[in-house]
>>> print(open('coords26.cif').read())   # mmCIF, N, CA and C atoms
data_protein
#
loop_
_atom_site.label_atom_id
_atom_site.label_comp_id
_atom_site.auth_asym_id
_atom_site.auth_seq_id
_atom_site.Cartn_x
_atom_site.Cartn_y
_atom_site.Cartn_z
N MET A 1 -8.89 20.60 10.44
CA MET A 1 -7.78 19.90 9.78
C MET A 1 -7.77 18.44 10.24
N LYS A 2 -7.68 17.56 9.29
CA LYS A 2 -7.63 16.13 9.59
C LYS A 2 -6.20 15.74 9.95
N ASP A 3 -6.05 14.98 11.02
CA ASP A 3 -4.74 14.56 11.49
C ASP A 3 -4.48 13.13 11.06
N VAL A 4 -3.67 12.95 10.00
CA VAL A 4 -3.33 11.63 9.48
C VAL A 4 -1.94 11.25 9.97
N ILE A 5 -1.86 10.09 10.62
CA ILE A 5 -0.58 9.56 11.09
C ILE A 5 -0.41 8.17 10.50
N VAL A 6 0.76 7.91 9.93
CA VAL A 6 1.08 6.59 9.38
C VAL A 6 2.34 6.10 10.07
N ARG A 7 2.31 4.85 10.51
CA ARG A 7 3.49 4.25 11.13
C ARG A 7 3.63 2.81 10.68
N VAL A 8 4.84 2.28 10.89
CA VAL A 8 5.06 0.85 10.66
C VAL A 8 4.25 0.12 11.72
N ALA A 9 3.48 -0.84 11.29
CA ALA A 9 2.60 -1.57 12.19
C ALA A 9 3.36 -2.66 12.93
N ASP A 10 2.87 -2.98 14.09
CA ASP A 10 3.29 -4.16 14.82
C ASP A 10 2.27 -5.24 14.44
N TRP A 11 2.72 -6.25 13.71
CA TRP A 11 1.79 -7.24 13.15
C TRP A 11 0.87 -7.81 14.23
N TYR A 12 1.42 -8.15 15.38
CA TYR A 12 0.62 -8.78 16.43
C TYR A 12 -0.32 -7.78 17.11
N GLU A 13 0.16 -6.58 17.34
CA GLU A 13 -0.66 -5.56 17.99
C GLU A 13 -1.74 -5.01 17.06
N ASP A 14 -1.40 -4.84 15.78
CA ASP A 14 -2.29 -4.17 14.84
C ASP A 14 -3.01 -5.11 13.88
N PHE A 15 -2.79 -6.41 14.02
CA PHE A 15 -3.36 -7.37 13.06
C PHE A 15 -4.87 -7.26 12.93
N LEU A 16 -5.59 -7.17 14.04
CA LEU A 16 -7.06 -7.12 13.95
C LEU A 16 -7.53 -5.89 13.19
N ALA A 17 -6.87 -4.76 13.38
CA ALA A 17 -7.24 -3.54 12.65
C ALA A 17 -6.92 -3.68 11.16
N ILE A 18 -5.73 -4.22 10.86
CA ILE A 18 -5.35 -4.44 9.46
C ILE A 18 -6.35 -5.37 8.78
N GLN A 19 -6.68 -6.46 9.47
CA GLN A 19 -7.64 -7.43 8.94
C GLN A 19 -9.01 -6.78 8.71
N ALA A 20 -9.47 -5.98 9.65
CA ALA A 20 -10.79 -5.34 9.53
C ALA A 20 -10.82 -4.35 8.37
N ILE A 21 -9.76 -3.58 8.21
CA ILE A 21 -9.71 -2.60 7.11
C ILE A 21 -9.71 -3.33 5.77
N ARG A 22 -8.86 -4.33 5.63
CA ARG A 22 -8.79 -5.05 4.36
C ARG A 22 -10.07 -5.82 4.08
N LYS A 23 -10.67 -6.39 5.11
CA LYS A 23 -11.94 -7.10 4.92
C LYS A 23 -13.01 -6.12 4.41
N SER A 24 -13.09 -4.95 5.02
CA SER A 24 -14.08 -3.95 4.61
C SER A 24 -13.87 -3.51 3.16
N VAL A 25 -12.62 -3.18 2.82
CA VAL A 25 -12.34 -2.64 1.49
C VAL A 25 -12.34 -3.72 0.41
N PHE A 26 -11.55 -4.76 0.62
CA PHE A 26 -11.38 -5.75 -0.44
C PHE A 26 -12.51 -6.78 -0.51
N GLN A 27 -12.86 -7.35 0.62
CA GLN A 27 -13.85 -8.43 0.60
C GLN A 27 -15.27 -7.90 0.51
N GLU A 28 -15.62 -6.91 1.33
CA GLU A 28 -17.00 -6.43 1.33
C GLU A 28 -17.29 -5.48 0.17
N GLU A 29 -16.42 -4.49 -0.06
CA GLU A 29 -16.68 -3.52 -1.14
C GLU A 29 -16.39 -4.09 -2.52
N GLN A 30 -15.28 -4.85 -2.63
CA GLN A 30 -14.82 -5.27 -3.96
C GLN A 30 -15.00 -6.76 -4.23
N SER A 31 -15.56 -7.49 -3.29
CA SER A 31 -15.85 -8.92 -3.45
C SER A 31 -14.62 -9.77 -3.75
N VAL A 32 -13.48 -9.41 -3.17
CA VAL A 32 -12.26 -10.20 -3.33
C VAL A 32 -12.33 -11.40 -2.39
N ASP A 33 -11.96 -12.55 -2.89
CA ASP A 33 -11.93 -13.77 -2.08
C ASP A 33 -10.93 -13.58 -0.93
N PRO A 34 -11.33 -13.89 0.31
CA PRO A 34 -10.42 -13.73 1.46
C PRO A 34 -9.08 -14.45 1.29
N ASP A 35 -9.09 -15.60 0.60
CA ASP A 35 -7.84 -16.34 0.40
C ASP A 35 -6.89 -15.63 -0.57
N LEU A 36 -7.43 -14.79 -1.45
CA LEU A 36 -6.57 -14.00 -2.33
C LEU A 36 -5.99 -12.81 -1.57
N ASP A 37 -6.79 -12.23 -0.67
CA ASP A 37 -6.33 -11.09 0.11
C ASP A 37 -5.29 -11.54 1.14
N PHE A 38 -5.66 -12.48 1.98
CA PHE A 38 -4.75 -13.00 3.00
C PHE A 38 -4.08 -14.25 2.43
N ASP A 39 -2.99 -14.00 1.71
CA ASP A 39 -2.34 -15.00 0.88
C ASP A 39 -1.12 -15.67 1.51
N GLY A 40 -0.90 -15.47 2.80
CA GLY A 40 0.25 -16.07 3.47
C GLY A 40 1.51 -15.22 3.43
N GLU A 41 1.46 -14.05 2.80
CA GLU A 41 2.63 -13.18 2.68
C GLU A 41 2.69 -12.11 3.78
N ASP A 42 1.64 -11.99 4.57
CA ASP A 42 1.58 -10.89 5.54
C ASP A 42 2.63 -10.97 6.64
N GLU A 43 2.87 -12.14 7.16
CA GLU A 43 3.79 -12.28 8.28
C GLU A 43 5.23 -11.96 7.89
N THR A 44 5.56 -12.09 6.62
CA THR A 44 6.92 -11.81 6.16
C THR A 44 7.02 -10.45 5.48
N SER A 45 5.94 -9.70 5.45
CA SER A 45 5.92 -8.37 4.86
C SER A 45 5.96 -7.32 5.96
N GLN A 46 6.36 -6.13 5.58
CA GLN A 46 6.32 -5.02 6.53
C GLN A 46 4.96 -4.33 6.36
N GLN A 47 4.25 -4.17 7.44
CA GLN A 47 2.91 -3.60 7.41
C GLN A 47 2.92 -2.14 7.84
N LEU A 48 2.07 -1.35 7.21
CA LEU A 48 1.87 0.04 7.62
C LEU A 48 0.43 0.19 8.06
N ILE A 49 0.22 1.07 9.01
CA ILE A 49 -1.13 1.35 9.49
C ILE A 49 -1.30 2.86 9.57
N ALA A 50 -2.49 3.33 9.17
CA ALA A 50 -2.77 4.77 9.19
C ALA A 50 -3.92 5.06 10.14
N PHE A 51 -3.79 6.20 10.79
CA PHE A 51 -4.80 6.69 11.72
C PHE A 51 -5.28 8.05 11.25
N LEU A 52 -6.56 8.29 11.38
CA LEU A 52 -7.13 9.61 11.11
C LEU A 52 -7.86 10.01 12.38
N ASN A 53 -7.41 11.10 12.97
CA ASN A 53 -7.98 11.56 14.24
C ASN A 53 -8.04 10.43 15.27
N GLY A 54 -6.96 9.63 15.31
CA GLY A 54 -6.83 8.59 16.32
C GLY A 54 -7.50 7.26 16.00
N GLU A 55 -8.20 7.17 14.88
CA GLU A 55 -8.90 5.92 14.50
C GLU A 55 -8.14 5.22 13.37
N TYR A 56 -8.08 3.88 13.44
CA TYR A 56 -7.49 3.10 12.35
C TYR A 56 -8.33 3.30 11.08
N VAL A 57 -7.67 3.71 9.97
CA VAL A 57 -8.44 3.93 8.74
C VAL A 57 -7.79 3.38 7.48
N GLY A 58 -6.50 2.99 7.54
CA GLY A 58 -5.85 2.54 6.32
C GLY A 58 -4.67 1.64 6.60
N THR A 59 -4.26 0.93 5.57
CA THR A 59 -3.14 0.00 5.71
C THR A 59 -2.52 -0.29 4.35
N ALA A 60 -1.33 -0.81 4.37
CA ALA A 60 -0.65 -1.34 3.19
C ALA A 60 0.46 -2.25 3.70
N ARG A 61 0.98 -3.05 2.79
CA ARG A 61 2.14 -3.87 3.16
C ARG A 61 3.23 -3.69 2.13
N VAL A 62 4.47 -3.92 2.58
CA VAL A 62 5.64 -3.84 1.71
C VAL A 62 6.29 -5.22 1.72
N ARG A 63 6.46 -5.76 0.51
CA ARG A 63 7.19 -7.02 0.35
C ARG A 63 8.50 -6.70 -0.36
N TYR A 64 9.59 -7.22 0.17
CA TYR A 64 10.89 -7.01 -0.45
C TYR A 64 11.14 -8.19 -1.38
N LEU A 65 11.10 -7.91 -2.69
CA LEU A 65 11.21 -8.97 -3.69
C LEU A 65 12.64 -9.46 -3.81
N ASP A 66 13.58 -8.53 -3.69
CA ASP A 66 15.01 -8.84 -3.73
C ASP A 66 15.74 -7.62 -3.18
N GLY A 67 17.04 -7.55 -3.34
CA GLY A 67 17.81 -6.44 -2.80
C GLY A 67 17.65 -5.13 -3.55
N LYS A 68 16.90 -5.17 -4.66
CA LYS A 68 16.75 -3.97 -5.48
C LYS A 68 15.31 -3.51 -5.65
N THR A 69 14.35 -4.35 -5.32
CA THR A 69 12.95 -4.02 -5.59
C THR A 69 12.05 -4.38 -4.42
N ALA A 70 11.17 -3.44 -4.09
CA ALA A 70 10.13 -3.68 -3.09
C ALA A 70 8.78 -3.49 -3.78
N LYS A 71 7.79 -4.20 -3.29
CA LYS A 71 6.45 -4.11 -3.85
C LYS A 71 5.49 -3.67 -2.75
N ILE A 72 4.76 -2.59 -3.02
CA ILE A 72 3.75 -2.11 -2.08
C ILE A 72 2.43 -2.73 -2.51
N GLU A 73 1.79 -3.40 -1.56
CA GLU A 73 0.56 -4.15 -1.85
C GLU A 73 -0.50 -3.85 -0.79
N ARG A 74 -1.72 -4.24 -1.12
CA ARG A 74 -2.84 -4.21 -0.18
C ARG A 74 -3.09 -2.83 0.41
N LEU A 75 -2.88 -1.78 -0.40
CA LEU A 75 -3.22 -0.43 0.04
C LEU A 75 -4.74 -0.36 0.16
N ALA A 76 -5.21 -0.08 1.36
CA ALA A 76 -6.66 -0.02 1.61
C ALA A 76 -6.96 1.13 2.56
N VAL A 77 -7.96 1.93 2.21
CA VAL A 77 -8.42 3.03 3.05
C VAL A 77 -9.93 2.89 3.21
N LEU A 78 -10.38 2.93 4.46
CA LEU A 78 -11.81 2.83 4.71
C LEU A 78 -12.56 3.96 4.02
N SER A 79 -13.78 3.67 3.55
CA SER A 79 -14.55 4.65 2.79
C SER A 79 -14.75 5.96 3.56
N VAL A 80 -14.89 5.91 4.87
CA VAL A 80 -15.12 7.13 5.67
C VAL A 80 -13.90 8.06 5.66
N ALA A 81 -12.73 7.55 5.29
CA ALA A 81 -11.51 8.35 5.31
C ALA A 81 -10.99 8.72 3.93
N ARG A 82 -11.67 8.29 2.88
CA ARG A 82 -11.20 8.60 1.53
C ARG A 82 -11.36 10.09 1.25
N GLY A 83 -10.43 10.62 0.49
CA GLY A 83 -10.46 12.04 0.18
C GLY A 83 -9.74 12.89 1.22
N CYS A 84 -9.14 12.25 2.21
CA CYS A 84 -8.44 12.97 3.28
C CYS A 84 -6.92 12.86 3.14
N GLY A 85 -6.44 12.26 2.04
CA GLY A 85 -5.01 12.13 1.83
C GLY A 85 -4.37 10.94 2.51
N VAL A 86 -5.19 10.02 3.01
CA VAL A 86 -4.66 8.87 3.75
C VAL A 86 -3.84 7.96 2.83
N GLY A 87 -4.36 7.62 1.66
CA GLY A 87 -3.65 6.74 0.74
C GLY A 87 -2.30 7.32 0.34
N LYS A 88 -2.27 8.61 0.05
CA LYS A 88 -1.03 9.27 -0.33
C LYS A 88 -0.03 9.23 0.83
N LYS A 89 -0.49 9.48 2.03
CA LYS A 89 0.41 9.45 3.20
C LYS A 89 0.96 8.04 3.44
N ILE A 90 0.11 7.04 3.25
CA ILE A 90 0.58 5.66 3.40
C ILE A 90 1.68 5.37 2.37
N MET A 91 1.44 5.77 1.13
CA MET A 91 2.43 5.52 0.08
C MET A 91 3.73 6.26 0.35
N GLU A 92 3.64 7.51 0.81
CA GLU A 92 4.84 8.28 1.11
C GLU A 92 5.64 7.61 2.23
N LYS A 93 4.94 7.14 3.26
CA LYS A 93 5.62 6.45 4.37
C LYS A 93 6.24 5.15 3.88
N ALA A 94 5.52 4.41 3.03
CA ALA A 94 6.05 3.15 2.49
C ALA A 94 7.34 3.41 1.71
N MET A 95 7.34 4.45 0.89
CA MET A 95 8.55 4.75 0.10
C MET A 95 9.69 5.22 1.00
N GLU A 96 9.37 5.93 2.06
CA GLU A 96 10.39 6.35 3.03
C GLU A 96 11.02 5.13 3.71
N VAL A 97 10.19 4.17 4.10
CA VAL A 97 10.68 2.95 4.75
C VAL A 97 11.54 2.15 3.76
N ILE A 98 11.08 2.03 2.53
CA ILE A 98 11.83 1.29 1.51
C ILE A 98 13.17 1.97 1.24
N ALA A 99 13.16 3.30 1.10
CA ALA A 99 14.39 4.05 0.84
C ALA A 99 15.38 3.88 1.98
N SER A 100 14.88 3.79 3.21
CA SER A 100 15.78 3.64 4.37
C SER A 100 16.52 2.31 4.33
N LYS A 101 16.03 1.37 3.55
CA LYS A 101 16.69 0.06 3.40
C LYS A 101 17.56 0.01 2.13
N ASN A 102 17.74 1.18 1.50
CA ASN A 102 18.55 1.30 0.28
C ASN A 102 18.05 0.44 -0.86
N ILE A 103 16.74 0.28 -0.94
CA ILE A 103 16.10 -0.41 -2.06
C ILE A 103 15.78 0.67 -3.11
N PRO A 104 16.33 0.57 -4.31
CA PRO A 104 16.19 1.67 -5.27
C PRO A 104 14.91 1.69 -6.10
N GLU A 105 14.11 0.63 -6.07
CA GLU A 105 12.95 0.58 -6.97
C GLU A 105 11.72 0.04 -6.26
N VAL A 106 10.58 0.64 -6.59
CA VAL A 106 9.30 0.24 -6.01
C VAL A 106 8.33 -0.10 -7.13
N VAL A 107 7.58 -1.17 -6.93
CA VAL A 107 6.57 -1.57 -7.90
C VAL A 107 5.23 -1.74 -7.19
N VAL A 108 4.15 -1.43 -7.90
CA VAL A 108 2.79 -1.66 -7.40
C VAL A 108 1.96 -2.24 -8.53
N ASN A 109 0.96 -3.03 -8.18
CA ASN A 109 -0.07 -3.42 -9.12
C ASN A 109 -1.29 -2.60 -8.73
N SER A 110 -1.47 -1.49 -9.41
CA SER A 110 -2.54 -0.55 -9.08
C SER A 110 -3.86 -0.97 -9.68
N GLN A 111 -4.92 -0.87 -8.88
CA GLN A 111 -6.23 -0.99 -9.49
C GLN A 111 -6.33 0.17 -10.47
N GLU A 112 -6.84 -0.10 -11.65
CA GLU A 112 -6.80 0.88 -12.73
C GLU A 112 -7.45 2.22 -12.34
N TYR A 113 -8.53 2.18 -11.58
CA TYR A 113 -9.24 3.42 -11.28
C TYR A 113 -8.50 4.32 -10.28
N VAL A 114 -7.47 3.82 -9.61
CA VAL A 114 -6.71 4.67 -8.68
C VAL A 114 -5.27 4.91 -9.14
N LYS A 115 -4.97 4.61 -10.39
CA LYS A 115 -3.59 4.79 -10.85
C LYS A 115 -3.15 6.24 -10.81
N GLY A 116 -4.09 7.18 -10.82
CA GLY A 116 -3.74 8.60 -10.73
C GLY A 116 -3.01 8.93 -9.44
N LEU A 117 -3.35 8.26 -8.35
CA LEU A 117 -2.66 8.46 -7.08
C LEU A 117 -1.18 8.12 -7.26
N TYR A 118 -0.90 6.99 -7.86
CA TYR A 118 0.48 6.55 -8.05
C TYR A 118 1.22 7.46 -9.03
N GLN A 119 0.52 7.93 -10.06
CA GLN A 119 1.14 8.84 -11.02
C GLN A 119 1.55 10.14 -10.32
N GLN A 120 0.71 10.64 -9.40
CA GLN A 120 1.05 11.85 -8.63
C GLN A 120 2.32 11.65 -7.83
N LEU A 121 2.59 10.42 -7.44
CA LEU A 121 3.76 10.10 -6.62
C LEU A 121 4.97 9.70 -7.46
N GLY A 122 4.86 9.82 -8.79
CA GLY A 122 5.99 9.57 -9.67
C GLY A 122 6.09 8.17 -10.25
N PHE A 123 5.06 7.35 -10.07
CA PHE A 123 5.07 6.01 -10.66
C PHE A 123 4.69 6.10 -12.13
N GLN A 124 5.25 5.19 -12.92
CA GLN A 124 4.94 5.13 -14.36
C GLN A 124 4.38 3.76 -14.71
N GLU A 125 3.37 3.79 -15.58
CA GLU A 125 2.75 2.53 -16.02
C GLU A 125 3.75 1.68 -16.80
N GLU A 126 3.53 0.38 -16.67
CA GLU A 126 4.42 -0.58 -17.33
C GLU A 126 3.54 -1.74 -17.81
N GLY A 127 3.60 -2.04 -19.08
CA GLY A 127 2.87 -3.19 -19.59
C GLY A 127 1.38 -2.92 -19.78
N GLU A 128 0.67 -4.01 -20.00
CA GLU A 128 -0.75 -3.95 -20.32
C GLU A 128 -1.61 -4.05 -19.06
N VAL A 129 -2.84 -3.60 -19.18
CA VAL A 129 -3.82 -3.77 -18.11
C VAL A 129 -4.12 -5.26 -17.98
N PHE A 130 -4.25 -5.74 -16.75
CA PHE A 130 -4.55 -7.14 -16.51
C PHE A 130 -5.60 -7.24 -15.41
N GLU A 131 -6.20 -8.41 -15.31
CA GLU A 131 -7.23 -8.63 -14.30
C GLU A 131 -6.66 -9.47 -13.16
N GLU A 132 -6.94 -9.01 -11.94
CA GLU A 132 -6.54 -9.74 -10.75
C GLU A 132 -7.71 -9.66 -9.77
N ALA A 133 -8.17 -10.79 -9.29
CA ALA A 133 -9.32 -10.86 -8.38
C ALA A 133 -10.55 -10.19 -9.00
N GLY A 134 -10.66 -10.28 -10.33
CA GLY A 134 -11.81 -9.72 -11.02
C GLY A 134 -11.77 -8.20 -11.16
N ILE A 135 -10.61 -7.59 -10.90
CA ILE A 135 -10.47 -6.13 -10.95
C ILE A 135 -9.34 -5.79 -11.89
N ARG A 136 -9.56 -4.76 -12.73
CA ARG A 136 -8.54 -4.34 -13.68
C ARG A 136 -7.39 -3.64 -12.94
N HIS A 137 -6.16 -4.07 -13.26
CA HIS A 137 -4.95 -3.54 -12.64
C HIS A 137 -3.94 -3.15 -13.71
N VAL A 138 -2.99 -2.33 -13.31
CA VAL A 138 -1.85 -2.01 -14.15
C VAL A 138 -0.61 -1.97 -13.25
N THR A 139 0.49 -2.54 -13.74
CA THR A 139 1.74 -2.50 -13.00
C THR A 139 2.35 -1.12 -13.17
N MET A 140 2.85 -0.57 -12.07
CA MET A 140 3.48 0.75 -12.09
C MET A 140 4.79 0.64 -11.31
N ARG A 141 5.77 1.42 -11.74
CA ARG A 141 7.11 1.32 -11.16
C ARG A 141 7.68 2.72 -10.92
N LYS A 142 8.50 2.81 -9.88
CA LYS A 142 9.16 4.08 -9.58
C LYS A 142 10.57 3.79 -9.08
N LYS A 143 11.52 4.56 -9.60
CA LYS A 143 12.89 4.51 -9.08
C LYS A 143 12.99 5.57 -8.01
N LEU A 144 13.52 5.18 -6.86
CA LEU A 144 13.73 6.15 -5.79
C LEU A 144 15.02 6.88 -6.07
N SER A 145 15.05 8.18 -5.85
CA SER A 145 16.25 8.97 -6.13
C SER A 145 17.37 8.54 -5.19
N GLN A 146 18.59 8.61 -5.69
CA GLN A 146 19.74 8.22 -4.88
C GLN A 146 19.86 9.06 -3.62
N SER A 147 19.56 10.34 -3.71
CA SER A 147 19.66 11.19 -2.52
C SER A 147 18.66 10.73 -1.47
N ARG A 148 17.49 10.31 -1.92
CA ARG A 148 16.48 9.82 -0.97
C ARG A 148 16.90 8.47 -0.40
N VAL A 149 17.44 7.63 -1.27
CA VAL A 149 17.84 6.29 -0.82
C VAL A 149 18.98 6.40 0.19
N ASN A 150 19.89 7.34 0.00
CA ASN A 150 21.05 7.44 0.89
C ASN A 150 20.79 8.24 2.16
N ASN A 151 19.64 8.81 2.32
CA ASN A 151 19.33 9.57 3.55
C ASN A 151 19.04 8.65 4.70
#
>>> encode(input="coords26.cif", output="structure tokens")
Amino acid sequence: MKDVIVRVADWYEDFLAIQAIRKSVFQEEQSVDPDLDFDGEDETSQQLIAFLNGEYVGTARVRYLDGKTAKIERLAVLSVARGCGVGKKIMEKAMEVIASKNIPEVVVNSQEYVKGLYQQLGFQEEGEVFEEAGIRHVTMRKKLSQSRVNN
């Protein structure tokens, strides 16, 4: 059994791991420009970090757009950990953190080929497919249930 743990990251303590994961996934695998990935929003965003059997393997960030909407961005899982449920666990933790702040709505710009993950978690497509960093994306949105938000 694979042991996946996701926690809110300490930006200063976990920065090198977050940077390494995103560099591997976005810059090396997907050829995303580093300036598009590290866009100056990280220090003001809430970061999540995932571990699989004690090793750093995934990350995402949460940006609070306003008092009603949060955006989950930069979801990245190292190739060695894909298929182990890491991305889903990161998303579940992100939504738990967002709900704890009484934010009722979550939005993501999903890469088109992974939108099924978000659909499994209750996100619905919104608008047309668009290109970002040379990759096809679709905006997806989810309302968090009031019972979840108030817990």
>>> select_by_dssp(input="coords26.cif", residues="range 43-146 of chain A", states="alpha helix (DSSP H)", output="VMD selection string")
chain A and resid 86 to 100 115 to 120 146
>>> write_last_selection(input="coords26.cif", atoms="N, CA and C atoms", output="PDB file, in the coordinates of the input")
ATOM      1  N   VAL A  86      -5.190  10.020   3.010  1.00  0.00           N
ATOM      2  CA  VAL A  86      -4.660   8.870   3.750  1.00  0.00           C
ATOM      3  C   VAL A  86      -3.840   7.960   2.830  1.00  0.00           C
ATOM      4  N   GLY A  87      -4.360   7.620   1.660  1.00  0.00           N
ATOM      5  CA  GLY A  87      -3.650   6.740   0.740  1.00  0.00           C
ATOM      6  C   GLY A  87      -2.300   7.320   0.340  1.00  0.00           C
ATOM      7  N   LYS A  88      -2.270   8.610   0.050  1.00  0.00           N
ATOM      8  CA  LYS A  88      -1.030   9.270  -0.330  1.00  0.00           C
ATOM      9  C   LYS A  88      -0.030   9.230   0.830  1.00  0.00           C
ATOM     10  N   LYS A  89      -0.490   9.480   2.030  1.00  0.00           N
ATOM     11  CA  LYS A  89       0.410   9.450   3.200  1.00  0.00           C
ATOM     12  C   LYS A  89       0.960   8.040   3.440  1.00  0.00           C
ATOM     13  N   ILE A  90       0.110   7.040   3.250  1.00  0.00           N
ATOM     14  CA  ILE A  90       0.580   5.660   3.400  1.00  0.00           C
ATOM     15  C   ILE A  90       1.680   5.370   2.370  1.00  0.00           C
ATOM     16  N   MET A  91       1.440   5.770   1.130  1.00  0.00           N
ATOM     17  CA  MET A  91       2.430   5.520   0.080  1.00  0.00           C
ATOM     18  C   MET A  91       3.730   6.260   0.350  1.00  0.00           C
ATOM     19  N   GLU A  92       3.640   7.510   0.810  1.00  0.00           N
ATOM     20  CA  GLU A  92       4.840   8.280   1.110  1.00  0.00           C
ATOM     21  C   GLU A  92       5.640   7.610   2.230  1.00  0.00           C
ATOM     22  N   LYS A  93       4.940   7.140   3.260  1.00  0.00           N
ATOM     23  CA  LYS A  93       5.620   6.450   4.370  1.00  0.00           C
ATOM     24  C   LYS A  93       6.240   5.150   3.880  1.00  0.00           C
ATOM     25  N   ALA A  94       5.520   4.410   3.030  1.00  0.00           N
ATOM     26  CA  ALA A  94       6.050   3.150   2.490  1.00  0.00           C
ATOM     27  C   ALA A  94       7.340   3.410   1.710  1.00  0.00           C
ATOM     28  N   MET A  95       7.340   4.450   0.890  1.00  0.00           N
ATOM     29  CA  MET A  95       8.550   4.750   0.100  1.00  0.00           C
ATOM     30  C   MET A  95       9.690   5.220   1.000  1.00  0.00           C
ATOM     31  N   GLU A  96       9.370   5.930   2.060  1.00  0.00           N
ATOM     32  CA  GLU A  96      10.390   6.350   3.030  1.00  0.00           C
ATOM     33  C   GLU A  96      11.020   5.130   3.710  1.00  0.00           C
ATOM     34  N   VAL A  97      10.190   4.170   4.100  1.00  0.00           N
ATOM     35  CA  VAL A  97      10.680   2.950   4.750  1.00  0.00           C
ATOM     36  C   VAL A  97      11.540   2.150   3.760  1.00  0.00           C
ATOM     37  N   ILE A  98      11.080   2.030   2.530  1.00  0.00           N
ATOM     38  CA  ILE A  98      11.830   1.290   1.510  1.00  0.00           C
ATOM     39  C   ILE A  98      13.170   1.970   1.240  1.00  0.00           C
ATOM     40  N   ALA A  99      13.160   3.300   1.100  1.00  0.00           N
ATOM     41  CA  ALA A  99      14.390   4.050   0.840  1.00  0.00           C
ATOM     42  C   ALA A  99      15.380   3.880   1.980  1.00  0.00           C
ATOM     43  N   SER A 100      14.880   3.790   3.210  1.00  0.00           N
ATOM     44  CA  SER A 100      15.780   3.640   4.370  1.00  0.00           C
ATOM     45  C   SER A 100      16.520   2.310   4.330  1.00  0.00           C
ATOM     46  N   LYS A 115      -4.970   4.610 -10.390  1.00  0.00           N
ATOM     47  CA  LYS A 115      -3.590   4.790 -10.850  1.00  0.00           C
ATOM     48  C   LYS A 115      -3.150   6.240 -10.810  1.00  0.00           C
ATOM     49  N   GLY A 116      -4.090   7.180 -10.820  1.00  0.00           N
ATOM     50  CA  GLY A 116      -3.740   8.600 -10.730  1.00  0.00           C
ATOM     51  C   GLY A 116      -3.010   8.930  -9.440  1.00  0.00           C
ATOM     52  N   LEU A 117      -3.350   8.260  -8.350  1.00  0.00           N
ATOM     53  CA  LEU A 117      -2.660   8.460  -7.080  1.00  0.00           C
ATOM     54  C   LEU A 117      -1.180   8.120  -7.260  1.00  0.00           C
ATOM     55  N   TYR A 118      -0.900   6.990  -7.860  1.00  0.00           N
ATOM     56  CA  TYR A 118       0.480   6.550  -8.050  1.00  0.00           C
ATOM     57  C   TYR A 118       1.220   7.460  -9.030  1.00  0.00           C
ATOM     58  N   GLN A 119       0.520   7.930 -10.060  1.00  0.00           N
ATOM     59  CA  GLN A 119       1.140   8.840 -11.020  1.00  0.00           C
ATOM     60  C   GLN A 119       1.550  10.140 -10.320  1.00  0.00           C
ATOM     61  N   GLN A 120       0.710  10.640  -9.400  1.00  0.00           N
ATOM     62  CA  GLN A 120       1.050  11.850  -8.630  1.00  0.00           C
ATOM     63  C   GLN A 120       2.320  11.650  -7.830  1.00  0.00           C
ATOM     64  N   GLN A 146      18.590   8.610  -5.690  1.00  0.00           N
ATOM     65  CA  GLN A 146      19.740   8.220  -4.880  1.00  0.00           C
ATOM     66  C   GLN A 146      19.860   9.060  -3.620  1.00  0.00           C
TER      67      GLN A 146
END
>>> resolve_selection(input="coords26.cif", expression="the PyMOL selection byres ((chain A and resi 44-56) around 8)", output="PyMOL selection string")
chain A and resi 1-11+14+17-18+21+40-43+57-64+78+81+86+89-90+93-94
>>> resolve_selection(input="coords26.cif", expression="the PyMOL selection byres ((chain A and resi 110) around 7)", output="ChimeraX atom specification")
/A:108-109,111-115,136-140
>>> select_by_dssp(input="coords26.cif", residues="chain A", states="strand (DSSP E or B)", output="ChimeraX atom specification")
/A:4-8,46-52,55-64,69-77,105-111,124-132,135-143
>>> axis_aligned_box(input="coords26.cif", around="range 99-109 of chain A", padding_each_side="5 Å", output="JSON")
{"center_x": 8.6, "center_y": 0.3, "center_z": -2.4, "size_x": 29.8, "size_y": 17.5, "size_z": 23.5}
>>> resolve_selection(input="coords26.cif", expression="the PyMOL selection byres (((chain A and resi 134 and name CA) around 12) and name CA)", output="count of residues only")
16
>>> atom_distance(input="coords26.cif", atom1="CA of Glu29 in chain A", atom2="CA of Phe123 in chain A")
25.6 Å
>>> atom_distance(input="coords26.cif", atom1="CA of Leu65 in chain A", atom2="CA of Gln120 in chain A")
23.7 Å
>>> atom_distance(input="coords26.cif", atom1="atom C of Glu105 in chain A", atom2="atom C of Lys68 in chain A")
5.1 Å
>>> closest_residue(input="coords26.cif", among="A:Leu16, A:Val106, A:Ala99, A:Leu121", to="Glu73 in chain A", atoms="only C-alpha atoms")
A:Val106
